[in-house]
>>> print(open('model.pdb').read())   # PDB, C-alpha atoms, pLDDT in the B column
ATOM      1  CA  MET A  95    -117.316-161.010-102.093  1.00 78.00           C
ATOM      2  CA  THR A  96    -120.868-160.546-103.320  1.00 82.00           C
ATOM      3  CA  GLN A  97    -122.744-159.063-100.372  1.00 85.00           C
ATOM      4  CA  PRO A  98    -125.825-161.247 -99.660  1.00 94.00           C
ATOM      5  CA  PHE A  99    -127.425-158.453 -97.622  1.00 96.00           C
ATOM      6  CA  SER A 100    -128.466-154.918 -98.404  1.00 96.00           C
ATOM      7  CA  THR A 101    -126.783-152.345 -96.179  1.00 97.00           C
ATOM      8  CA  VAL A 102    -127.672-149.203 -94.238  1.00 96.00           C
ATOM      9  CA  ASN A 103    -125.086-146.448 -93.934  1.00 95.00           C
ATOM     10  CA  VAL A 104    -124.639-144.925 -90.497  1.00 96.00           C
ATOM     11  CA  LEU A 105    -121.967-142.217 -90.212  1.00 95.00           C
ATOM     12  CA  GLY A 106    -120.064-143.695 -93.138  1.00 95.00           C
ATOM     13  CA  PHE A 107    -120.262-147.348 -92.109  1.00 97.00           C
ATOM     14  CA  ASP A 108    -122.346-149.891 -94.019  1.00 97.00           C
ATOM     15  CA  PHE A 109    -124.276-152.120 -91.631  1.00 98.00           C
ATOM     16  CA  ILE A 110    -125.894-155.237 -93.046  1.00 98.00           C
ATOM     17  CA  LYS A 111    -129.680-155.262 -92.957  1.00 97.00           C
ATOM     18  CA  THR A 112    -130.590-158.627 -91.478  1.00 97.00           C
ATOM     19  CA  THR A 113    -131.984-160.382 -88.439  1.00 97.00           C
ATOM     20  CA  GLN A 114    -129.982-162.368 -85.931  1.00 96.00           C
ATOM     21  CA  GLN A 115    -131.328-165.676 -87.254  1.00 97.00           C
ATOM     22  CA  GLU A 116    -130.772-164.790 -90.921  1.00 97.00           C
ATOM     23  CA  PHE A 117    -127.201-163.784 -90.197  1.00 98.00           C
ATOM     24  CA  VAL A 118    -126.415-167.027 -88.382  1.00 98.00           C
ATOM     25  CA  GLU A 119    -127.845-168.994 -91.303  1.00 98.00           C
ATOM     26  CA  GLN A 120    -125.606-167.048 -93.702  1.00 98.00           C
ATOM     27  CA  LEU A 121    -122.521-167.832 -91.613  1.00 98.00           C
ATOM     28  CA  LYS A 122    -123.441-171.521 -91.700  1.00 98.00           C
ATOM     29  CA  LYS A 123    -123.641-171.375 -95.507  1.00 98.00           C
ATOM     30  CA  ASP A 124    -120.321-169.542 -95.701  1.00 98.00           C
ATOM     31  CA  SER A 125    -118.675-172.098 -93.455  1.00 98.00           C
ATOM     32  CA  LEU A 126    -120.000-175.074 -95.417  1.00 97.00           C
ATOM     33  CA  SER A 127    -118.622-173.440 -98.572  1.00 97.00           C
ATOM     34  CA  HIS A 128    -115.250-172.860 -96.855  1.00 96.00           C
ATOM     35  CA  LYS A 129    -115.441-169.096 -97.347  1.00 97.00           C
ATOM     36  CA  ASN A 130    -113.087-166.658 -95.665  1.00 98.00           C
ATOM     37  CA  ARG A 131    -115.153-164.099 -93.776  1.00 98.00           C
ATOM     38  CA  PHE A 132    -114.360-161.238 -91.397  1.00 98.00           C
ATOM     39  CA  VAL A 133    -117.205-160.295 -89.050  1.00 98.00           C
ATOM     40  CA  VAL A 134    -117.367-157.095 -87.006  1.00 98.00           C
ATOM     41  CA  THR A 135    -120.213-156.606 -84.545  1.00 96.00           C
ATOM     42  CA  ALA A 136    -120.102-152.893 -83.815  1.00 96.00           C
ATOM     43  CA  ASN A 137    -121.578-150.671 -81.123  1.00 93.00           C
ATOM     44  CA  PRO A 138    -121.429-146.853 -80.931  1.00 93.00           C
ATOM     45  CA  GLU A 139    -118.116-146.986 -79.059  1.00 92.00           C
ATOM     46  CA  ILE A 140    -116.478-148.866 -81.928  1.00 95.00           C
ATOM     47  CA  VAL A 141    -117.943-146.419 -84.458  1.00 95.00           C
ATOM     48  CA  LEU A 142    -116.636-143.421 -82.489  1.00 94.00           C
ATOM     49  CA  THR A 143    -113.179-144.992 -82.253  1.00 95.00           C
ATOM     50  CA  ALA A 144    -113.158-145.654 -85.992  1.00 97.00           C
ATOM     51  CA  LEU A 145    -114.273-142.098 -86.773  1.00 95.00           C
ATOM     52  CA  ASN A 146    -111.248-140.803 -84.878  1.00 94.00           C
ATOM     53  CA  ASP A 147    -108.762-143.322 -86.269  1.00 97.00           C
ATOM     54  CA  PRO A 148    -108.481-143.597 -90.072  1.00 97.00           C
ATOM     55  CA  GLU A 149    -106.514-146.859 -89.896  1.00 98.00           C
ATOM     56  CA  TYR A 150    -109.113-148.535 -87.681  1.00 98.00           C
ATOM     57  CA  SER A 151    -111.881-147.114 -89.851  1.00 98.00           C
ATOM     58  CA  SER A 152    -110.292-148.772 -92.886  1.00 98.00           C
ATOM     59  CA  VAL A 153    -110.133-152.107 -91.058  1.00 98.00           C
ATOM     60  CA  ILE A 154    -113.803-151.914 -90.041  1.00 97.00           C
ATOM     61  CA  LYS A 155    -114.886-150.985 -93.547  1.00 97.00           C
ATOM     62  CA  GLY A 156    -112.884-153.921 -94.887  1.00 96.00           C
ATOM     63  CA  ALA A 157    -114.964-156.453 -92.963  1.00 97.00           C
ATOM     64  CA  ASP A 158    -117.240-158.735 -94.955  1.00 98.00           C
ATOM     65  CA  TYR A 159    -120.081-158.278 -92.486  1.00 98.00           C
ATOM     66  CA  LEU A 160    -120.609-155.285 -90.223  1.00 98.00           C
ATOM     67  CA  THR A 161    -123.511-155.851 -87.844  1.00 98.00           C
ATOM     68  CA  ALA A 162    -125.364-153.561 -85.439  1.00 96.00           C
ATOM     69  CA  ASP A 163    -124.388-154.978 -82.071  1.00 93.00           C
ATOM     70  CA  GLY A 164    -125.574-151.951 -80.094  1.00 85.00           C
ATOM     71  CA  ILE A 165    -129.110-150.566 -79.992  1.00 88.00           C
ATOM     72  CA  GLY A 166    -127.542-147.159 -80.621  1.00 91.00           C
ATOM     73  CA  ILE A 167    -126.665-148.260 -84.148  1.00 95.00           C
ATOM     74  CA  VAL A 168    -130.271-149.294 -84.791  1.00 94.00           C
ATOM     75  CA  LYS A 169    -131.562-145.982 -83.403  1.00 92.00           C
ATOM     76  CA  GLY A 170    -128.971-144.051 -85.402  1.00 94.00           C
ATOM     77  CA  ALA A 171    -130.155-145.671 -88.628  1.00 95.00           C
ATOM     78  CA  LYS A 172    -133.757-144.752 -87.795  1.00 95.00           C
ATOM     79  CA  ILE A 173    -132.832-141.139 -87.047  1.00 94.00           C
ATOM     80  CA  LEU A 174    -131.107-140.942 -90.426  1.00 93.00           C
ATOM     81  CA  GLY A 175    -134.224-142.188 -92.196  1.00 92.00           C
ATOM     82  CA  SER A 176    -133.295-145.837 -92.671  1.00 93.00           C
ATOM     83  CA  SER A 177    -134.128-148.960 -90.731  1.00 93.00           C
ATOM     84  CA  LEU A 178    -132.374-152.031 -89.400  1.00 96.00           C
ATOM     85  CA  PRO A 179    -134.398-155.075 -88.263  1.00 95.00           C
ATOM     86  CA  GLY A 180    -132.677-155.073 -84.878  1.00 93.00           C
ATOM     87  CA  ARG A 181    -129.442-155.894 -83.128  1.00 94.00           C
ATOM     88  CA  VAL A 182    -127.192-158.672 -84.376  1.00 96.00           C
ATOM     89  CA  THR A 183    -124.918-159.255 -81.413  1.00 94.00           C
ATOM     90  CA  GLY A 184    -121.590-160.967 -81.184  1.00 94.00           C
ATOM     91  CA  PHE A 185    -122.588-162.993 -78.142  1.00 94.00           C
ATOM     92  CA  ASP A 186    -125.845-164.305 -79.603  1.00 95.00           C
ATOM     93  CA  THR A 187    -124.156-165.073 -82.915  1.00 97.00           C
ATOM     94  CA  MET A 188    -121.367-166.960 -81.199  1.00 97.00           C
ATOM     95  CA  THR A 189    -123.673-169.049 -78.980  1.00 97.00           C
ATOM     96  CA  ALA A 190    -125.828-169.987 -81.980  1.00 98.00           C
ATOM     97  CA  ILE A 191    -122.728-170.997 -83.919  1.00 98.00           C
ATOM     98  CA  LEU A 192    -121.431-173.037 -80.969  1.00 98.00           C
ATOM     99  CA  LYS A 193    -124.647-175.058 -80.980  1.00 98.00           C
ATOM    100  CA  TRP A 194    -124.383-175.642 -84.728  1.00 98.00           C
ATOM    101  CA  CYS A 195    -120.705-176.565 -84.543  1.00 98.00           C
ATOM    102  CA  ASP A 196    -121.570-179.082 -81.840  1.00 98.00           C
ATOM    103  CA  GLU A 197    -124.094-180.719 -84.166  1.00 97.00           C
ATOM    104  CA  GLU A 198    -121.821-180.601 -87.217  1.00 97.00           C
ATOM    105  CA  ARG A 199    -118.537-181.431 -85.444  1.00 97.00           C
ATOM    106  CA  LYS A 200    -116.941-178.208 -86.658  1.00 98.00           C
ATOM    107  CA  LYS A 201    -113.536-176.961 -85.549  1.00 98.00           C
ATOM    108  CA  ILE A 202    -113.100-173.726 -83.589  1.00 98.00           C
ATOM    109  CA  TYR A 203    -110.026-171.798 -82.446  1.00 98.00           C
ATOM    110  CA  PHE A 204    -110.528-169.592 -79.387  1.00 98.00           C
ATOM    111  CA  LEU A 205    -108.296-166.587 -78.750  1.00 98.00           C
ATOM    112  CA  GLY A 206    -108.550-164.035 -75.972  1.00 97.00           C
ATOM    113  CA  ALA A 207    -109.380-163.200 -72.337  1.00 96.00           C
ATOM    114  CA  LYS A 208    -107.264-163.972 -69.270  1.00 96.00           C
ATOM    115  CA  ASN A 209    -105.713-167.405 -68.925  1.00 96.00           C
ATOM    116  CA  GLU A 210    -108.001-168.502 -66.089  1.00 97.00           C
ATOM    117  CA  VAL A 211    -111.045-167.305 -68.051  1.00 97.00           C
ATOM    118  CA  ILE A 212    -110.263-169.158 -71.260  1.00 97.00           C
ATOM    119  CA  MET A 213    -109.255-172.317 -69.391  1.00 97.00           C
ATOM    120  CA  THR A 214    -112.591-172.325 -67.541  1.00 97.00           C
ATOM    121  CA  MET A 215    -114.476-171.582 -70.750  1.00 97.00           C
ATOM    122  CA  ILE A 216    -112.789-174.401 -72.660  1.00 97.00           C
ATOM    123  CA  GLU A 217    -113.787-176.886 -69.961  1.00 97.00           C
ATOM    124  CA  LYS A 218    -117.385-175.649 -70.106  1.00 97.00           C
ATOM    125  CA  ILE A 219    -117.436-175.925 -73.898  1.00 97.00           C
ATOM    126  CA  LYS A 220    -116.114-179.485 -73.716  1.00 97.00           C
ATOM    127  CA  ALA A 221    -118.910-180.365 -71.297  1.00 97.00           C
ATOM    128  CA  THR A 222    -121.725-178.433 -73.011  1.00 97.00           C
ATOM    129  CA  TYR A 223    -120.752-178.927 -76.655  1.00 98.00           C
ATOM    130  CA  PRO A 224    -118.901-182.265 -76.816  1.00 97.00           C
ATOM    131  CA  GLY A 225    -119.245-182.379 -80.610  1.00 98.00           C
ATOM    132  CA  ILE A 226    -117.098-179.284 -81.124  1.00 98.00           C
ATOM    133  CA  VAL A 227    -113.538-179.988 -82.196  1.00 98.00           C
ATOM    134  CA  ILE A 228    -111.316-177.508 -80.372  1.00 98.00           C
ATOM    135  CA  ALA A 229    -108.674-176.576 -82.919  1.00 98.00           C
ATOM    136  CA  GLY A 230    -106.720-174.696 -80.277  1.00 97.00           C
ATOM    137  CA  PHE A 231    -106.877-171.817 -77.837  1.00 97.00           C
ATOM    138  CA  HIS A 232    -104.714-169.109 -76.328  1.00 97.00           C
ATOM    139  CA  ASP A 233    -105.282-166.299 -73.860  1.00 97.00           C
ATOM    140  CA  GLY A 234    -105.215-162.698 -75.009  1.00 95.00           C
ATOM    141  CA  TYR A 235    -102.005-161.742 -73.229  1.00 94.00           C
ATOM    142  CA  PHE A 236     -99.266-162.338 -75.757  1.00 93.00           C
ATOM    143  CA  LYS A 237     -96.437-160.274 -77.199  1.00 90.00           C
ATOM    144  CA  ASP A 238     -95.555-162.448 -80.184  1.00 93.00           C
ATOM    145  CA  GLU A 239     -98.539-163.600 -82.218  1.00 96.00           C
ATOM    146  CA  SER A 240     -96.539-165.654 -84.725  1.00 96.00           C
ATOM    147  CA  GLU A 241     -96.880-168.956 -82.843  1.00 96.00           C
ATOM    148  CA  ILE A 242    -100.640-168.428 -82.468  1.00 97.00           C
ATOM    149  CA  VAL A 243    -101.001-167.657 -86.155  1.00 97.00           C
ATOM    150  CA  ARG A 244     -99.015-170.775 -87.092  1.00 97.00           C
ATOM    151  CA  GLU A 245    -101.266-172.873 -84.870  1.00 97.00           C
ATOM    152  CA  ILE A 246    -104.380-171.436 -86.506  1.00 98.00           C
ATOM    153  CA  GLN A 247    -102.928-172.042 -89.949  1.00 98.00           C
ATOM    154  CA  SER A 248    -101.960-175.655 -89.243  1.00 98.00           C
ATOM    155  CA  SER A 249    -105.193-176.586 -87.429  1.00 97.00           C
ATOM    156  CA  GLU A 250    -107.440-175.143 -90.169  1.00 97.00           C
ATOM    157  CA  PRO A 251    -110.438-174.238 -87.974  1.00 98.00           C
ATOM    158  CA  ASP A 252    -113.875-173.501 -89.383  1.00 98.00           C
ATOM    159  CA  PHE A 253    -114.286-170.543 -87.005  1.00 98.00           C
ATOM    160  CA  VAL A 254    -111.830-168.276 -85.192  1.00 98.00           C
ATOM    161  CA  PHE A 255    -113.345-166.389 -82.256  1.00 98.00           C
ATOM    162  CA  CYS A 256    -111.185-163.486 -81.092  1.00 98.00           C
ATOM    163  CA  ALA A 257    -112.031-162.036 -77.686  1.00 97.00           C
ATOM    164  CA  LEU A 258    -109.220-159.487 -77.582  1.00 96.00           C
ATOM    165  CA  GLY A 259    -111.369-156.380 -77.226  1.00 93.00           C
ATOM    166  CA  PHE A 260    -111.491-153.681 -79.842  1.00 94.00           C
ATOM    167  CA  PRO A 261    -109.507-152.456 -81.696  1.00 96.00           C
ATOM    168  CA  LYS A 262    -106.932-155.215 -81.051  1.00 97.00           C
ATOM    169  CA  GLN A 263    -109.179-158.061 -82.219  1.00 97.00           C
ATOM    170  CA  GLU A 264    -110.038-156.378 -85.504  1.00 98.00           C
ATOM    171  CA  TYR A 265    -106.406-155.539 -86.231  1.00 98.00           C
ATOM    172  CA  PHE A 266    -105.410-159.130 -85.480  1.00 98.00           C
ATOM    173  CA  ILE A 267    -108.079-160.551 -87.794  1.00 98.00           C
ATOM    174  CA  GLU A 268    -107.398-158.118 -90.629  1.00 98.00           C
ATOM    175  CA  LYS A 269    -103.685-158.927 -90.499  1.00 97.00           C
ATOM    176  CA  ASN A 270    -103.929-162.709 -90.221  1.00 98.00           C
ATOM    177  CA  ARG A 271    -107.239-163.869 -91.728  1.00 98.00           C
ATOM    178  CA  ARG A 272    -105.665-165.039 -94.986  1.00 97.00           C
ATOM    179  CA  VAL A 273    -103.677-167.840 -93.338  1.00 98.00           C
ATOM    180  CA  THR A 274    -106.753-170.103 -93.469  1.00 97.00           C
ATOM    181  CA  ASP A 275    -110.269-169.919 -94.867  1.00 97.00           C
ATOM    182  CA  ALA A 276    -112.463-169.593 -91.791  1.00 98.00           C
ATOM    183  CA  ILE A 277    -115.104-167.331 -90.304  1.00 98.00           C
ATOM    184  CA  TRP A 278    -113.090-164.816 -88.265  1.00 98.00           C
ATOM    185  CA  MET A 279    -115.073-162.865 -85.699  1.00 98.00           C
ATOM    186  CA  GLY A 280    -114.262-160.406 -82.925  1.00 97.00           C
ATOM    187  CA  ILE A 281    -116.440-160.993 -79.867  1.00 95.00           C
ATOM    188  CA  GLY A 282    -115.143-158.681 -77.135  1.00 90.00           C
ATOM    189  CA  GLY A 283    -115.875-159.934 -73.620  1.00 88.00           C
ATOM    190  CA  SER A 284    -117.974-162.951 -74.584  1.00 92.00           C
ATOM    191  CA  PHE A 285    -115.502-165.486 -73.174  1.00 95.00           C
ATOM    192  CA  ASP A 286    -115.916-163.927 -69.724  1.00 93.00           C
ATOM    193  CA  VAL A 287    -119.675-164.453 -69.934  1.00 92.00           C
ATOM    194  CA  LEU A 288    -119.380-168.032 -71.184  1.00 94.00           C
ATOM    195  CA  ALA A 289    -116.879-168.848 -68.451  1.00 94.00           C
ATOM    196  CA  GLY A 290    -119.085-167.323 -65.749  1.00 89.00           C
ATOM    197  CA  TYR A 291    -116.686-164.508 -64.883  1.00 81.00           C
ATOM    198  CA  ALA A 292    -119.153-161.873 -66.111  1.00 72.00           C
ATOM    199  CA  GLU A 293    -122.920-161.756 -66.146  1.00 65.00           C
ATOM    200  CA  ARG A 294    -125.027-160.843 -69.136  1.00 68.00           C
ATOM    201  CA  ALA A 295    -128.108-158.710 -68.526  1.00 60.00           C
ATOM    202  CA  PRO A 296    -131.337-160.616 -67.795  1.00 69.00           C
ATOM    203  CA  GLN A 297    -133.639-161.048 -70.794  1.00 73.00           C
ATOM    204  CA  TRP A 298    -136.029-158.292 -69.682  1.00 68.00           C
ATOM    205  CA  TRP A 299    -133.261-155.690 -69.901  1.00 62.00           C
ATOM    206  CA  ILE A 300    -132.192-157.054 -73.310  1.00 66.00           C
ATOM    207  CA  ASP A 301    -135.763-157.044 -74.658  1.00 70.00           C
ATOM    208  CA  HIS A 302    -136.212-153.399 -73.592  1.00 60.00           C
ATOM    209  CA  HIS A 303    -132.918-152.366 -75.202  1.00 62.00           C
ATOM    210  CA  ILE A 304    -131.346-151.209 -71.929  1.00 59.00           C
ATOM    211  CA  GLU A 305    -128.689-153.879 -71.564  1.00 67.00           C
ATOM    212  CA  TRP A 306    -126.162-151.040 -71.444  1.00 58.00           C
ATOM    213  CA  LEU A 307    -127.898-149.636 -68.346  1.00 58.00           C
ATOM    214  CA  TYR A 308    -127.703-152.993 -66.571  1.00 58.00           C
ATOM    215  CA  ARG A 309    -123.993-153.213 -67.344  1.00 63.00           C
ATOM    216  CA  LEU A 310    -123.507-149.727 -65.943  1.00 56.00           C
ATOM    217  CA  TYR A 311    -125.417-150.714 -62.799  1.00 53.00           C
ATOM    218  CA  LYS A 312    -123.207-153.788 -62.363  1.00 62.00           C
ATOM    219  CA  GLU A 313    -119.997-151.970 -63.309  1.00 64.00           C
ATOM    220  CA  PRO A 314    -120.166-148.256 -62.367  1.00 62.00           C
ATOM    221  CA  THR A 315    -116.563-147.856 -63.532  1.00 58.00           C
ATOM    222  CA  ARG A 316    -117.875-148.141 -67.101  1.00 55.00           C
ATOM    223  CA  PHE A 317    -119.479-144.690 -66.820  1.00 47.00           C
ATOM    224  CA  LEU A 318    -116.906-142.901 -68.985  1.00 57.00           C
ATOM    225  CA  ARG A 319    -117.148-145.617 -71.650  1.00 61.00           C
ATOM    226  CA  MET A 320    -120.932-145.316 -71.608  1.00 59.00           C
ATOM    227  CA  MET A 321    -120.590-141.641 -72.542  1.00 69.00           C
ATOM    228  CA  ALA A 322    -119.883-142.899 -76.053  1.00 74.00           C
ATOM    229  CA  LEU A 323    -123.626-143.358 -76.636  1.00 78.00           C
ATOM    230  CA  PRO A 324    -124.704-139.706 -76.184  1.00 81.00           C
ATOM    231  CA  LYS A 325    -121.616-138.519 -78.103  1.00 87.00           C
ATOM    232  CA  TYR A 326    -122.515-140.873 -80.918  1.00 88.00           C
ATOM    233  CA  LEU A 327    -126.163-139.752 -80.992  1.00 87.00           C
ATOM    234  CA  LEU A 328    -125.079-136.108 -81.125  1.00 89.00           C
ATOM    235  CA  LEU A 329    -122.975-136.951 -84.186  1.00 90.00           C
ATOM    236  CA  VAL A 330    -125.952-138.716 -85.768  1.00 91.00           C
ATOM    237  CA  TYR A 331    -128.192-135.674 -85.278  1.00 90.00           C
ATOM    238  CA  ARG A 332    -125.479-133.345 -86.552  1.00 90.00           C
ATOM    239  CA  TYR A 333    -125.138-135.520 -89.656  1.00 85.00           C
ATOM    240  CA  LYS A 334    -128.915-135.564 -90.096  1.00 85.00           C
ATOM    241  CA  PHE A 335    -129.370-131.784 -89.949  1.00 85.00           C
ATOM    242  CA  PHE A 336    -126.042-130.437 -91.175  1.00 82.00           C
ATOM    243  CA  GLY A 337    -124.513-133.233 -93.265  1.00 73.00           C
ATOM    244  CA  LYS A 338    -120.904-134.358 -92.894  1.00 64.00           C
TER     245      LYS A 338
END
>>> encode(input="model.pdb", output="structure tokens")
Amino acid sequence: MTQPFSTVNVLGFDFIKTTQQEFVEQLKKDSLSHKNRFVVTANPEIVLTALNDPEYSSVIKGADYLTADGIGIVKGAKILGSSLPGRVTGFDTMTAILKWCDEERKKIYFLGAKNEVIMTMIEKIKATYPGIVIAGFHDGYFKDESEIVREIQSSEPDFVFCALGFPKQEYFIEKNRRVTDAIWMGIGGSFDVLAGYAERAPQWWIDHHIEWLYRLYKEPTRFLRMMALPKYLLLVYRYKFFGK
């Protein structure tokens, strides 16, 4: 595809240089043109995983759009002498697209999360966005994906939201995206938030770029995962002063 955005390279990964609103508008255009797109919204943890796994790195680099979901990516770009306008998050992108799909009567397939989570979320979507055509849905606990893929292929959704967690969601999309021309996007734990099983940080924490700290406060067990941020920043500084 012809990339509509310029990019900023951070540790070998090309992040698109755009705002949240501009990106959503681009996805709308792509959808109206029936384009096949693979979206990855990456944080430092995803980058670190990709740096240590060549196969996953190849999948991430094969995405049509790689966005800076975490503030660490934005800070990393600045440290390396470039700039990104700000975060472009999976959750905010998805909620904006849900509103648009409601207005345009677009079809969406939802994949991921626990069964009780996705069932609750689907009911909330039906109530909140009655214009959305639900092409299908399935929880994230499956051994054989073939039936799910056939359902996606036959229902021809405009968007496929995969909340399988990384790296599973990216592998699933990369393997199966060609079965139908849709916008395929990995969105991590967003279904849990939409369903009310998880709480997103209040706006003040988001505006001050410390959403990660709020999540740590709410879920202390995430401490080891949060160590990805300082590890990532150390790599950024090493790259800045010593090269690869």
>>> residues_around(input="model.pdb", residues="A:Phe255", least_positions_apart="4", cutoff="9 Å", atoms="all atoms listed in the file", output="list in words")
Met188, Ile202, Tyr203, Phe204, Leu205, Gly206, Ile277, Trp278, Met279, Gly280 and Ile281 of chain A
>>> write_last_selection(input="model.pdb", atoms="C-alpha atoms", output="tab-separated table (two decimals), in the frame of the given file")
chain	number	residue	atom	x	y	z
A	188	MET	CA	-121.37	-166.96	-81.20
A	202	ILE	CA	-113.10	-173.73	-83.59
A	203	TYR	CA	-110.03	-171.80	-82.45
A	204	PHE	CA	-110.53	-169.59	-79.39
A	205	LEU	CA	-108.30	-166.59	-78.75
A	206	GLY	CA	-108.55	-164.04	-75.97
A	277	ILE	CA	-115.10	-167.33	-90.30
A	278	TRP	CA	-113.09	-164.82	-88.26
A	279	MET	CA	-115.07	-162.86	-85.70
A	280	GLY	CA	-114.26	-160.41	-82.92
A	281	ILE	CA	-116.44	-160.99	-79.87
>>> residues_around(input="model.pdb", residues="A:Thr143", least_positions_apart="4", cutoff="10 Å", atoms="all atoms listed in the file", output="list in words")
Pro138, Glu139, Asp147, Pro148, Tyr150, Ser151, Phe260, Pro261 and Ala322 of chain A
>>> resolve_selection(input="model.pdb", expression="the PyMOL selection byres ((chain A and resi 98) around 12)", output="list in words")
Met95, Thr96, Gln97, Phe99, Ser100, Thr101, Ile110, Lys111, Thr112, Glu116, Phe117, Glu119, Gln120, Leu121, Lys123, Asp124, Asp158 and Tyr159 of chain A
>>> closest_residue(input="model.pdb", among="A:Tyr291, A:Phe285, A:Phe132, A:Phe336", to="A:Leu258", atoms="all atoms listed in the file")
A:Phe285
>>> resolve_selection(input="model.pdb", expression="the PyMOL selection byres ((chain A and resi 283) around 8)", output="list of chain:residue names")
A:Ala207, A:Ala257, A:Leu258, A:Gly259, A:Ile281, A:Gly282, A:Ser284, A:Phe285, A:Asp286, A:Val287
>>> atom_distance(input="model.pdb", atom1="atom CA of A:Lys172", atom2="atom CA of A:Leu160")
17.0 Å
>>> resolve_selection(input="model.pdb", expression="the PyMOL selection byres ((chain A and resi 167) around 10)", output="list in words")
Val104, Leu105, Phe109, Ala136, Asn137, Pro138, Val141, Thr161, Ala162, Asp163, Gly164, Ile165, Gly166, Val168, Lys169, Gly170, Ala171, Lys172, Ile173, Ser177, Leu178, Gly180, Arg181, Leu323, Tyr326, Leu327 and Val330 of chain A
>>> atom_distance(input="model.pdb", atom1="atom CA of A:Lys200", atom2="atom CA of A:Ala221")
15.6 Å
>>> axis_aligned_box(input="model.pdb", around="stretch 110-125 of chain A", padding_each_side="3 Å", output="AutoDock Vina command-line options")
--center_x -125.3 --center_y -163.7 --center_z -90.8 --size_x 19.3 --size_y 22.9 --size_z 15.8
>>> atom_distance(input="model.pdb", atom1="atom CA of A:Cys195", atom2="atom CA of A:His128")
14.0 Å
>>> closest_residue(input="model.pdb", among="A:Leu142, A:Ile212, A:Val243, A:Leu288", to="A:Thr274", atoms="all atoms listed in the file")
A:Val243
>>> closest_residue(input="model.pdb", among="A:Val133, A:Gln114, A:Glu198, A:Ala292", to="A:Glu268", atoms="only C-alpha atoms")
A:Val133
>>> closest_residue(input="model.pdb", among="A:Val102, A:Val153, A:Ala190, A:Leu174", to="A:Val118", atoms="all atoms listed in the file")
A:Ala190
>>> closest_residue(input="model.pdb", among="A:Thr214, A:Ile228, A:Asn270, A:Lys262", to="A:Ser240", atoms="only C-alpha atoms")
A:Asn270
>>> closest_residue(input="model.pdb", among="A:Leu328, A:Ile140, A:Leu126, A:Ala289", to="A:Asn209", atoms="only C-alpha atoms")
A:Ala289
>>> residues_around(input="model.pdb", residues="A:Glu245", least_positions_apart="2", cutoff="10 Å", atoms="only C-alpha atoms", output="list in words")
Tyr203, Ala229, Gly230, Phe231, His232, Ser240, Glu241, Ile242, Val243, Gln247, Ser248, Ser249, Glu250 and Pro251 of chain A
